[in-house]
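Undergrad: Got a structure for you, structure09.cif, holding mmCIF, C-alpha atoms.
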```
data_run
#
loop_
_atom_site.label_atom_id
_atom_site.label_comp_id
_atom_site.auth_asym_id
_atom_site.auth_seq_id
_atom_site.Cartn_x
_atom_site.Cartn_y
_atom_site.Cartn_z
CA MET A 939 9.18 -189.95 261.53
CA ILE A 940 11.13 -186.74 261.58
CA VAL A 941 13.30 -186.18 264.61
CA LEU A 942 13.07 -182.52 265.67
CA ARG A 943 16.32 -180.72 266.37
CA TYR A 944 14.52 -178.05 268.37
CA PRO A 945 11.58 -179.62 270.22
CA LEU A 946 11.23 -176.75 272.73
CA THR A 947 11.20 -174.11 269.99
CA PHE A 948 8.56 -176.15 268.17
CA LEU A 949 6.58 -176.35 271.42
CA TYR A 950 6.85 -172.54 271.81
CA TYR A 951 5.46 -172.03 268.30
CA ILE A 952 2.57 -174.47 268.87
CA ASP A 953 1.79 -173.09 272.35
CA SER A 954 1.73 -169.53 270.98
CA ILE A 955 -0.65 -170.60 268.20
CA ILE A 956 -2.91 -172.27 270.79
CA VAL A 957 -2.87 -169.17 273.02
CA ILE A 958 -3.83 -166.85 270.15
CA ALA A 959 -6.43 -169.26 268.76
CA ALA A 960 -7.96 -169.59 272.24
CA SER A 961 -8.03 -165.79 272.64
CA LEU A 962 -9.68 -165.41 269.24
CA LEU A 963 -12.17 -168.26 269.52
CA ILE A 964 -13.02 -168.87 273.16
CA SER A 965 -15.21 -166.44 275.02
CA PRO A 966 -14.50 -164.27 277.10
CA HIS A 967 -11.66 -163.31 274.65
CA TYR A 968 -10.08 -160.75 276.96
CA TRP A 969 -6.90 -161.04 279.02
CA TRP A 970 -7.68 -158.21 281.41
CA THR A 971 -10.82 -156.51 282.56
CA TYR A 972 -10.60 -153.06 284.04
CA GLY A 973 -13.48 -150.99 285.27
CA ILE A 974 -14.57 -147.93 287.15
CA SER A 975 -17.93 -149.14 288.47
CA ASP A 976 -19.98 -149.31 285.24
CA LEU A 977 -18.98 -145.84 284.10
CA ALA A 978 -16.14 -147.27 282.05
CA VAL A 979 -15.34 -150.96 281.60
CA ILE A 980 -12.46 -152.04 279.38
CA ARG A 981 -11.91 -155.68 278.44
CA ASP A 982 -8.90 -156.25 276.27
CA SER A 983 -6.22 -158.55 274.97
CA PRO A 984 -3.73 -157.90 272.15
CA PHE A 985 -6.38 -159.40 269.85
CA TYR A 986 -9.61 -158.03 271.33
CA LEU A 987 -11.05 -154.79 272.68
CA HIS A 988 -14.41 -154.15 274.29
CA ILE A 989 -15.19 -150.81 275.90
CA MET A 990 -18.36 -149.97 277.80
CA LEU A 991 -18.81 -146.29 278.46
CA LEU A 992 -21.67 -145.11 280.68
CA GLY A 993 -23.27 -148.54 280.31
CA LYS A 994 -23.12 -148.58 276.51
CA PRO A 995 -20.76 -150.68 274.36
CA LEU A 996 -18.65 -148.43 272.16
CA ILE A 997 -19.14 -149.02 268.43
CA ILE A 998 -15.57 -148.03 267.65
CA SER A 999 -14.17 -150.87 269.77
CA SER A 1000 -15.59 -153.48 267.36
CA LEU A 1001 -13.69 -151.85 264.48
CA ILE A 1002 -10.49 -151.92 266.52
CA THR A 1003 -11.19 -155.56 267.41
CA ILE A 1004 -11.25 -156.49 263.71
CA ILE A 1005 -7.77 -154.98 263.25
CA LEU A 1006 -6.52 -156.71 266.41
CA MET A 1007 -7.94 -160.05 265.24
CA GLY A 1008 -6.05 -159.53 261.97
CA PHE A 1009 -2.91 -159.00 264.05
CA GLY A 1010 -3.57 -162.31 265.85
CA LEU A 1011 -4.02 -164.11 262.52
CA TYR A 1012 -0.77 -162.52 261.28
CA ILE A 1013 1.13 -164.02 264.22
CA ILE A 1014 -0.55 -167.40 263.71
CA ALA A 1015 0.39 -167.34 260.00
CA VAL A 1016 4.02 -166.46 260.76
CA LEU A 1017 4.25 -169.15 263.43
CA LEU A 1018 2.69 -171.77 261.13
CA ALA A 1019 5.25 -170.91 258.45
CA TYR A 1020 8.08 -171.09 261.02
CA SER A 1021 6.79 -174.45 262.29
CA TYR A 1022 6.77 -175.72 258.71
CA MET A 1023 10.38 -174.53 258.17
CA LEU A 1024 11.42 -176.10 261.45
CA VAL A 1025 9.85 -179.48 260.68
CA ARG A 1026 10.84 -179.66 256.99
CA ARG A 1027 14.24 -177.90 256.96
CA GLY A 1028 15.33 -177.98 260.60
CA GLU A 1029 15.63 -174.16 260.73
CA ALA A 1030 14.78 -172.53 264.05
CA ARG A 1031 13.78 -168.88 263.70
CA ASN A 1032 13.71 -166.44 266.56
CA TYR A 1033 10.24 -164.95 267.07
CA SER A 1034 9.88 -163.02 270.30
CA THR A 1035 6.42 -161.43 269.82
CA MET A 1036 4.62 -163.99 271.97
CA PHE A 1037 7.30 -163.49 274.62
CA TRP A 1038 6.72 -159.74 274.82
CA LEU A 1039 2.93 -159.55 274.50
CA PRO A 1040 2.02 -161.42 277.72
CA ILE A 1041 4.89 -159.80 279.62
CA LEU A 1042 3.92 -156.29 278.53
CA TYR A 1043 0.29 -156.96 279.39
CA VAL A 1044 1.16 -156.55 283.05
CA LEU A 1045 1.42 -152.89 282.05
CA ASP A 1046 -2.17 -152.94 280.77
CA PRO A 1047 -3.75 -151.64 284.02
CA VAL A 1048 -1.05 -148.96 284.22
CA ILE A 1049 -1.81 -147.74 280.69
CA VAL A 1050 -5.56 -147.85 281.32
CA TYR A 1051 -4.97 -145.93 284.55
CA LEU A 1052 -3.08 -143.20 282.73
CA VAL A 1053 -5.72 -142.97 279.99
CA LEU A 1054 -8.61 -142.85 282.46
CA ALA A 1055 -6.86 -140.36 284.73
CA ILE A 1056 -6.86 -138.00 281.76
CA VAL A 1057 -10.31 -138.96 280.42
CA MET A 1058 -12.09 -139.43 283.74
CA PRO A 1059 -12.92 -135.77 284.43
CA HIS A 1060 -15.04 -135.89 281.29
CA LEU A 1061 -16.62 -139.23 282.18
CA ILE A 1062 -18.00 -138.55 285.59
CA PRO A 1063 -21.45 -137.08 285.30
CA LEU A 1064 -22.12 -133.82 287.12
CA LEU A 1065 -18.42 -133.16 287.49
CA GLY A 1066 -18.82 -130.33 285.02
CA ASN A 1067 -20.03 -128.10 287.87
CA GLY A 1068 -16.72 -128.28 289.70
CA SER A 1069 -13.86 -125.97 289.00
CA LEU A 1070 -10.68 -127.19 287.38
CA GLU A 1071 -8.88 -127.20 290.72
CA THR A 1072 -11.38 -129.60 292.29
CA ARG A 1073 -11.07 -131.93 289.32
CA LEU A 1074 -7.30 -132.06 289.54
CA ALA A 1075 -7.40 -132.46 293.31
CA SER A 1076 -9.80 -135.39 293.05
CA LEU A 1077 -7.66 -137.12 290.44
CA SER A 1078 -4.56 -137.09 292.58
CA SER A 1079 -6.30 -139.55 294.89
CA TYR A 1080 -7.46 -141.86 292.08
CA PRO A 1081 -5.92 -145.20 293.04
CA LEU A 1082 -3.76 -147.30 290.75
CA VAL A 1083 -5.07 -150.85 290.95
CA ILE A 1084 -2.99 -153.57 289.29
CA ILE A 1085 -4.92 -156.63 290.46
CA GLY A 1086 -7.98 -156.54 292.67
CA ARG A 1087 -10.68 -154.04 293.52
CA GLU A 1088 -10.67 -150.84 295.49
CA GLN A 1089 -13.25 -148.35 296.67
CA TYR A 1090 -12.63 -144.79 295.73
CA SER A 1091 -14.50 -141.83 297.14
CA LEU A 1092 -14.54 -138.54 295.43
CA SER A 1093 -15.71 -135.30 296.89
CA MET A 1094 -16.30 -132.63 294.35
CA GLY A 1095 -17.31 -129.61 296.35
CA GLY A 1096 -20.73 -128.03 295.93
CA GLY A 1097 -22.12 -130.73 298.23
CA GLU A 1098 -21.38 -133.63 295.90
CA ALA A 1099 -19.57 -136.83 296.71
CA MET A 1100 -19.43 -140.18 294.95
CA THR A 1101 -18.14 -143.64 295.67
CA LEU A 1102 -16.73 -145.73 292.84
CA THR A 1103 -15.37 -149.25 292.66
CA ILE A 1104 -12.23 -149.65 290.62
CA TYR A 1105 -11.31 -153.16 289.62
CA SER A 1106 -8.65 -154.79 287.51
CA GLU A 1107 -8.56 -158.53 286.97
CA PRO A 1108 -6.74 -160.85 284.58
CA SER A 1109 -8.76 -163.66 283.00
CA ILE A 1110 -7.79 -167.35 282.77
CA LEU A 1111 -6.67 -166.69 279.18
CA TYR A 1112 -4.02 -164.31 280.49
CA TRP A 1113 -2.59 -166.94 282.82
CA LEU A 1114 -2.62 -169.38 279.87
CA SER A 1115 -0.78 -166.86 277.70
CA LEU A 1116 2.07 -166.69 280.23
CA THR A 1117 3.12 -170.21 279.16
CA ALA A 1118 4.43 -168.68 275.90
CA PRO A 1119 7.14 -166.49 277.53
CA VAL A 1120 8.27 -169.46 279.66
CA LEU A 1121 8.59 -171.66 276.57
CA TYR A 1122 10.34 -168.83 274.69
CA VAL A 1123 13.07 -168.65 277.32
CA ALA A 1124 13.37 -172.44 277.17
CA SER A 1125 13.67 -172.29 273.36
CA LEU A 1126 16.41 -169.61 273.62
CA ILE A 1127 18.45 -171.87 275.91
CA GLU A 1128 17.81 -174.82 273.61
CA ARG A 1129 18.96 -173.01 270.48
CA ARG A 1130 22.11 -171.75 272.20
CA HIS A 1131 22.80 -175.27 273.40
CA VAL A 1132 22.24 -176.94 270.01
CA SER A 1133 24.31 -174.40 268.06
CA GLN A 1134 27.35 -174.88 270.26
CA MET B 1072 11.55 -159.49 255.75
CA ASP B 1073 11.34 -163.24 255.40
CA SER B 1074 8.72 -165.19 253.50
CA ALA B 1075 6.86 -166.19 256.69
CA LYS B 1076 6.19 -162.56 257.64
CA LEU B 1077 5.16 -161.77 254.09
CA PHE B 1078 2.71 -164.67 254.29
CA GLY B 1079 1.47 -163.29 257.61
CA LEU B 1080 0.89 -159.83 256.15
CA LEU B 1081 -1.03 -161.39 253.28
CA VAL B 1082 -3.30 -163.20 255.76
CA PHE B 1083 -3.74 -159.94 257.73
CA ALA B 1084 -4.67 -157.94 254.62
CA LEU B 1085 -7.07 -160.62 253.35
CA PHE B 1086 -8.78 -160.86 256.72
CA LEU B 1087 -9.20 -157.08 256.96
CA ILE B 1088 -10.62 -156.80 253.44
CA VAL B 1089 -13.10 -159.64 254.00
CA MET B 1090 -14.20 -158.38 257.45
CA LEU B 1091 -14.59 -154.75 256.42
CA TRP B 1092 -16.47 -155.83 253.33
CA LEU B 1093 -18.82 -158.12 255.27
CA ASN B 1094 -19.38 -156.03 258.38
CA HIS B 1095 -19.44 -152.41 257.21
CA PRO B 1096 -18.28 -151.29 260.65
CA SER B 1097 -18.69 -147.64 261.47
CA LEU B 1098 -16.43 -145.42 263.51
CA GLY B 1099 -19.23 -144.48 265.87
CA LEU B 1100 -17.88 -141.01 266.51
CA ASN B 1101 -21.40 -139.62 266.92
CA GLN B 1102 -21.90 -142.08 269.73
CA LEU B 1103 -18.82 -140.77 271.52
CA THR B 1104 -20.05 -137.20 271.51
CA SER B 1105 -23.64 -138.11 272.40
CA LEU B 1106 -22.57 -140.20 275.39
CA MET B 1107 -20.77 -137.24 276.91
CA GLY B 1108 -23.78 -134.94 276.85
CA GLY B 1109 -26.28 -135.49 279.61
CA GLY B 1110 -26.97 -134.52 283.15
CA VAL B 1111 -29.32 -134.56 286.08
CA SER B 1112 -31.24 -131.61 287.35
CA VAL B 1113 -33.47 -131.43 290.38
CA GLU B 1114 -36.26 -128.93 290.73
CA PRO B 1115 -38.19 -128.62 294.03
CA HIS B 1116 -41.84 -127.65 294.16
CA ILE B 1117 -42.63 -126.22 297.57
CA LEU B 1118 -46.13 -125.39 298.66
CA VAL B 1119 -46.17 -122.38 301.01
CA TYR B 1120 -49.09 -121.72 303.36
CA SER B 1121 -50.06 -118.29 304.63
CA ASN B 1122 -49.71 -119.49 308.26
CA LYS B 1123 -45.92 -119.53 307.89
CA SER B 1124 -45.69 -123.21 307.16
CA ILE B 1125 -45.12 -125.38 304.13
CA GLY B 1126 -46.96 -128.38 302.77
CA LYS B 1127 -46.53 -131.87 304.21
CA THR B 1128 -44.68 -132.97 301.10
CA ILE B 1129 -42.24 -131.47 298.64
CA ASN B 1130 -42.30 -132.74 295.07
CA LEU B 1131 -38.92 -132.96 293.37
CA THR B 1132 -38.95 -133.06 289.60
CA ILE B 1133 -35.85 -134.95 288.53
CA ILE B 1134 -34.80 -134.57 284.92
CA ASN B 1135 -32.42 -137.29 283.77
CA SER B 1136 -30.95 -136.62 280.35
CA TYR B 1137 -28.59 -139.59 280.52
CA ASP B 1138 -29.20 -142.89 278.80
CA PHE B 1139 -29.28 -144.88 282.02
CA ASN B 1140 -31.49 -145.16 285.09
CA ILE B 1141 -30.74 -143.25 288.25
CA THR B 1142 -32.04 -144.48 291.57
CA ILE B 1143 -32.80 -142.08 294.40
CA TYR B 1144 -32.26 -144.19 297.52
CA ASP B 1145 -32.70 -141.62 300.23
CA ALA B 1146 -33.03 -137.96 301.02
CA ARG B 1147 -31.87 -136.64 304.35
CA GLY B 1148 -32.23 -133.35 306.10
CA ASN B 1149 -33.28 -132.03 309.48
CA TYR B 1150 -36.89 -131.68 308.39
CA PHE B 1151 -37.06 -134.01 305.39
CA ARG B 1152 -37.32 -137.71 304.61
CA LEU B 1153 -37.74 -139.41 301.25
CA ALA B 1154 -41.18 -141.05 301.05
CA LYS B 1155 -39.89 -144.01 299.03
CA PRO B 1156 -36.95 -144.81 296.74
CA VAL B 1157 -37.50 -143.74 293.13
CA VAL B 1158 -35.99 -145.03 289.91
CA VAL B 1159 -35.59 -142.20 287.44
CA MET B 1160 -35.57 -143.56 283.91
CA PRO B 1161 -34.13 -141.48 281.07
CA GLY B 1162 -36.52 -138.57 280.90
CA SER B 1163 -38.06 -137.10 283.98
CA SER B 1164 -39.74 -138.36 287.07
CA SER B 1165 -40.80 -137.01 290.41
CA ALA B 1166 -39.82 -137.94 293.93
CA VAL B 1167 -41.91 -137.16 296.99
CA ILE B 1168 -40.22 -135.88 300.12
CA ASN B 1169 -42.08 -135.88 303.41
CA VAL B 1170 -41.73 -132.75 305.51
CA ILE B 1171 -41.46 -133.59 309.20
CA ASN B 1172 -42.08 -130.18 310.68
CA GLY B 1173 -43.62 -127.71 308.28
CA ALA B 1174 -43.38 -124.66 310.53
CA GLU B 1175 -39.71 -125.13 311.41
CA ALA B 1176 -38.85 -126.00 307.82
CA TYR B 1177 -40.50 -122.74 306.78
CA GLN B 1178 -38.46 -120.77 309.29
CA CYS B 1179 -35.26 -122.31 308.03
CA MET B 1180 -36.21 -121.87 304.40
CA ILE B 1181 -36.92 -118.17 304.63
CA GLY B 1182 -33.63 -117.74 306.48
CA PRO B 1183 -30.31 -119.27 305.47
CA GLY B 1184 -31.92 -122.22 303.70
CA CYS B 1185 -32.27 -125.89 304.64
CA ASN B 1186 -29.81 -128.52 303.53
CA ILE B 1187 -31.16 -131.65 301.91
CA THR B 1188 -28.85 -134.48 300.89
CA LEU B 1189 -29.91 -136.82 298.09
CA ILE B 1190 -28.35 -140.27 297.95
CA MET B 1191 -28.36 -141.60 294.40
CA GLY B 1192 -26.95 -144.52 292.51
CA PHE B 1193 -26.25 -145.18 288.85
CA LEU B 1194 -24.06 -147.67 287.00
CA GLY B 1195 -22.62 -149.02 290.24
CA VAL B 1196 -21.68 -145.55 291.46
CA ASN B 1197 -23.07 -144.15 294.69
CA MET B 1198 -23.41 -140.46 294.80
CA THR B 1199 -24.58 -137.92 297.35
CA GLU B 1200 -25.54 -134.43 296.49
CA THR B 1201 -26.39 -131.76 299.01
CA MET B 1202 -28.54 -128.88 297.93
CA VAL B 1203 -30.05 -125.93 299.70
CA LEU B 1204 -33.81 -125.35 299.73
CA LYS B 1205 -34.63 -121.71 300.10
CA LEU B 1206 -37.69 -119.54 299.71
CA SER B 1207 -37.05 -116.35 297.88
CA GLY B 1208 -38.92 -113.16 298.61
#
```
Please express the file's structure as structure tokens.
TA:
Amino acid sequence: MIVLRYPLTFLYYIDSIIVIAASLLISPHYWWTYGISDLAVIRDSPFYLHIMLLGKPLIISSLITIILMGFGLYIIAVLLAYSYMLVRRGEARNYSTMFWLPILYVLDPVIVYLVLAIVMPHLIPLLGNGSLETRLASLSSYPLVIIGREQYSLSMGGGEAMTLTIYSEPSILYWLSLTAPVLYVASLIERRHVSQ
Amino acid sequence: MDSAKLFGLLVFALFLIVMLWLNHPSLGLNQLTSLMGGGVSVEPHILVYSNKSIGKTINLTIINSYDFNITIYDARGNYFRLAKPVVVMPGSSSAVINVINGAEAYQCMIGPGCNITLIMGFLGVNMTETMVLKLSG
């Protein structure tokens, strides 16, 4: 029986592998879902992307998903190699990717908001009749939703008005992924402690 | 770069090659441009009588060039009511609007025009559109 010098670091590696494997294998795959009614629905994680535009799944998102899955497998491979080095040679390597990914995913709705605020004038049907000024005026009231859902009414002049529901929700996989940053901080403290 | 990351890159490259070889995924750029084109147009057919009145109903031809259904829930105006809600599938369809007072509607339509507000829904979006019905000439 090998006694681990860095049990928390080992736990961080294993937990990260479990989080990525769960995101890759277990449906619903996504960490966040973000939608403007059914006009545009985005479900994503660092290893998955699914975009529905005007009720149709986008073909290009499956190509991007393949690349993102490859990225997930890359992290798993690196972490497996690090776990092997840790168990066999007692070397603890610093690997902060699975610390940053879940933390930065809080920014996901913000990024989606910025993208949609630029793309939205082209998404909303019938908006083409309005002048540029009306489009810009309506976008200034487009709400930023981090978690939850919000109604958003848009009046476009020319006797048109529409009501949209904007929602942004993390999935259970996202809450699971937050265990990795916690264990990363614990592993940092552990390595500092052991090296002293 | 350490050996672990090199190993990771190897796994990444192998996965990509296998997946792209098996799946033949396409970029789907045509889909992006085709989704953006589309629209709804409404064309009223008004029957005018010589006794300065209009028919009891107005037929609206609704042309939906989107890929999704549009539901007309209601039509409101001083002299108009929607006969029943209509689902407009991709293509075209007609909606019947009951005229409450043909003579008054005629008066308003030869003058400034009558407002009629359509209440529609598609893809979880509710939309109202007000248009003016007017008789020319």
Undergrad: With all atoms listed in the file considered, list every residue of chain A at most 9 Å from chain B, as an MDAnalysis selection string.
TA: chainID A and resid 974:977 991:994 996:1001 1004:1005 1007:1020 1060:1061 1063:1064 1096:1103
Undergrad: Within 9 Å of Ala1176 in chain B, counting all atoms listed in the file, which residues qualify if same-chain residues fewer than 2 places away don't, as a ChimeraX atom specification?
TA: /B:1124-1125,1149-1151,1170-1174,1178-1181,1184-1185
Undergrad: Using all atoms listed in the file, which protein or nucleic acid residues come within 7 Å of Leu946 in chain A? Drop anything in the same chain fewer than 5 positions from it, and give the result as a PyMOL selection string.
TA: chain A and resi 1121+1124-1125+1128
Undergrad: Which residues are close to Arg1087 in chain A, i.e. within 9 Å by all atoms listed in the file, leaving aside same-chain residues fewer than 2 positions away? Reply as a PyMOL selection string.
TA: chain A and resi 1083-1085+1089+1103-1107
Undergrad: Determine the residue set returned by the PyMOL selection byres ((chain A and resi 1024) around 10) for the present structure, and present it as a PDB file with C-alpha atoms, keeping the file's coordinate frame.
TA:
```pdb
ATOM      1  CA  LEU A 942      13.070-182.520 265.670  1.00  0.00           C
ATOM      2  CA  ARG A 943      16.320-180.720 266.370  1.00  0.00           C
ATOM      3  CA  TYR A 944      14.520-178.050 268.370  1.00  0.00           C
ATOM      4  CA  PRO A 945      11.580-179.620 270.220  1.00  0.00           C
ATOM      5  CA  THR A 947      11.200-174.110 269.990  1.00  0.00           C
ATOM      6  CA  PHE A 948       8.560-176.150 268.170  1.00  0.00           C
ATOM      7  CA  TYR A 951       5.460-172.030 268.300  1.00  0.00           C
ATOM      8  CA  LEU A1018       2.690-171.770 261.130  1.00  0.00           C
ATOM      9  CA  ALA A1019       5.250-170.910 258.450  1.00  0.00           C
ATOM     10  CA  TYR A1020       8.080-171.090 261.020  1.00  0.00           C
ATOM     11  CA  SER A1021       6.790-174.450 262.290  1.00  0.00           C
ATOM     12  CA  TYR A1022       6.770-175.720 258.710  1.00  0.00           C
ATOM     13  CA  MET A1023      10.380-174.530 258.170  1.00  0.00           C
ATOM     14  CA  VAL A1025       9.850-179.480 260.680  1.00  0.00           C
ATOM     15  CA  ARG A1026      10.840-179.660 256.990  1.00  0.00           C
ATOM     16  CA  ARG A1027      14.240-177.900 256.960  1.00  0.00           C
ATOM     17  CA  GLY A1028      15.330-177.980 260.600  1.00  0.00           C
ATOM     18  CA  GLU A1029      15.630-174.160 260.730  1.00  0.00           C
ATOM     19  CA  ALA A1030      14.780-172.530 264.050  1.00  0.00           C
ATOM     20  CA  ARG A1031      13.780-168.880 263.700  1.00  0.00           C
TER      21      ARG A1031
END
```
Undergrad: State, in Å with one decimal place, the distance from CA of Glu1114 in chain B to CA of Asn1140 in chain B.
TA: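 Computed distance, CA of Glu1114 in chain B to CA of Asn1140 in chain B, equals 17.8 Å.
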Undergrad: To one decimal place, how far is CA of Lys1123 in chain B from CA of Ile1168 in chain B in Å?
TA: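 Separation of CA of Lys1123 in chain B and CA of Ile1168 in chain B: 19.0 Å.
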Undergrad: If you measure from CA of Arg1129 in chain A to CA of Ile955 in chain A, what distance in Å do you get, rounded to one decimal?
TA: 19.9 Å
Undergrad: If the PyMOL selection byres ((chain B and resi 1143) around 6) is run on the structure shown, which residues does it catch, given as JSON, numbers by chain?
TA: {"B": [1142, 1144, 1145, 1156, 1157, 1190, 1191]}
Undergrad: May I ask which of the residues A:Ser1034, A:Ser1109, A:Ser1091, A:Ser983 is the closest one to Ser954 in chain A, counting all atoms listed in the file?
TA: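 With all atoms listed in the file as the atom set, the closest residue is A:Ser1034.
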Undergrad: What does the PyMOL selection byres ((chain B and resi 1159) around 9) select in this file, as an mmCIF file with C-alpha atoms, in the coordinates of the input?
TA:
```
data_model
loop_
_atom_site.group_PDB
_atom_site.id
_atom_site.type_symbol
_atom_site.label_atom_id
_atom_site.label_comp_id
_atom_site.auth_asym_id
_atom_site.auth_seq_id
_atom_site.Cartn_x
_atom_site.Cartn_y
_atom_site.Cartn_z
ATOM 1 C CA ILE B 1133 -35.850 -134.950 288.530
ATOM 2 C CA ILE B 1134 -34.800 -134.570 284.920
ATOM 3 C CA ASN B 1135 -32.420 -137.290 283.770
ATOM 4 C CA PHE B 1139 -29.280 -144.880 282.020
ATOM 5 C CA ASN B 1140 -31.490 -145.160 285.090
ATOM 6 C CA ILE B 1141 -30.740 -143.250 288.250
ATOM 7 C CA THR B 1142 -32.040 -144.480 291.570
ATOM 8 C CA ILE B 1143 -32.800 -142.080 294.400
ATOM 9 C CA VAL B 1157 -37.500 -143.740 293.130
ATOM 10 C CA VAL B 1158 -35.990 -145.030 289.910
ATOM 11 C CA MET B 1160 -35.570 -143.560 283.910
ATOM 12 C CA PRO B 1161 -34.130 -141.480 281.070
ATOM 13 C CA GLY B 1162 -36.520 -138.570 280.900
ATOM 14 C CA SER B 1163 -38.060 -137.100 283.980
ATOM 15 C CA SER B 1164 -39.740 -138.360 287.070
ATOM 16 C CA SER B 1165 -40.800 -137.010 290.410
ATOM 17 C CA ALA B 1166 -39.820 -137.940 293.930
#
```
Undergrad: Could you work out an axis-aligned box for range 1095-1109 of chain A, taking every atom the file lists and adding 4 Å on each side, and report centre and edge lengths in Å to one decimal, as JSON?
TA:
```
{"center_x": -14.4, "center_y": -145.8, "center_z": 290.6, "size_x": 23.4, "size_y": 43.6, "size_z": 23.2}
```
Undergrad: Within 6 Å of (-38.0, -130.5, 293.3) in the file's own coordinates, which protein, DNA or RNA residues have an atom, counting all atoms listed in the file? List them as a PDB file with C-alpha atoms, in the coordinates of the input.
TA:
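Ended up saving to selection.pdb:
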```pdb
ATOM      1  CA  VAL B1113     -33.470-131.430 290.380  1.00  0.00           C
ATOM      2  CA  GLU B1114     -36.260-128.930 290.730  1.00  0.00           C
ATOM      3  CA  PRO B1115     -38.190-128.620 294.030  1.00  0.00           C
ATOM      4  CA  HIS B1116     -41.840-127.650 294.160  1.00  0.00           C
ATOM      5  CA  ASN B1130     -42.300-132.740 295.070  1.00  0.00           C
ATOM      6  CA  LEU B1131     -38.920-132.960 293.370  1.00  0.00           C
ATOM      7  CA  THR B1132     -38.950-133.060 289.600  1.00  0.00           C
TER       8      THR B1132
END
```
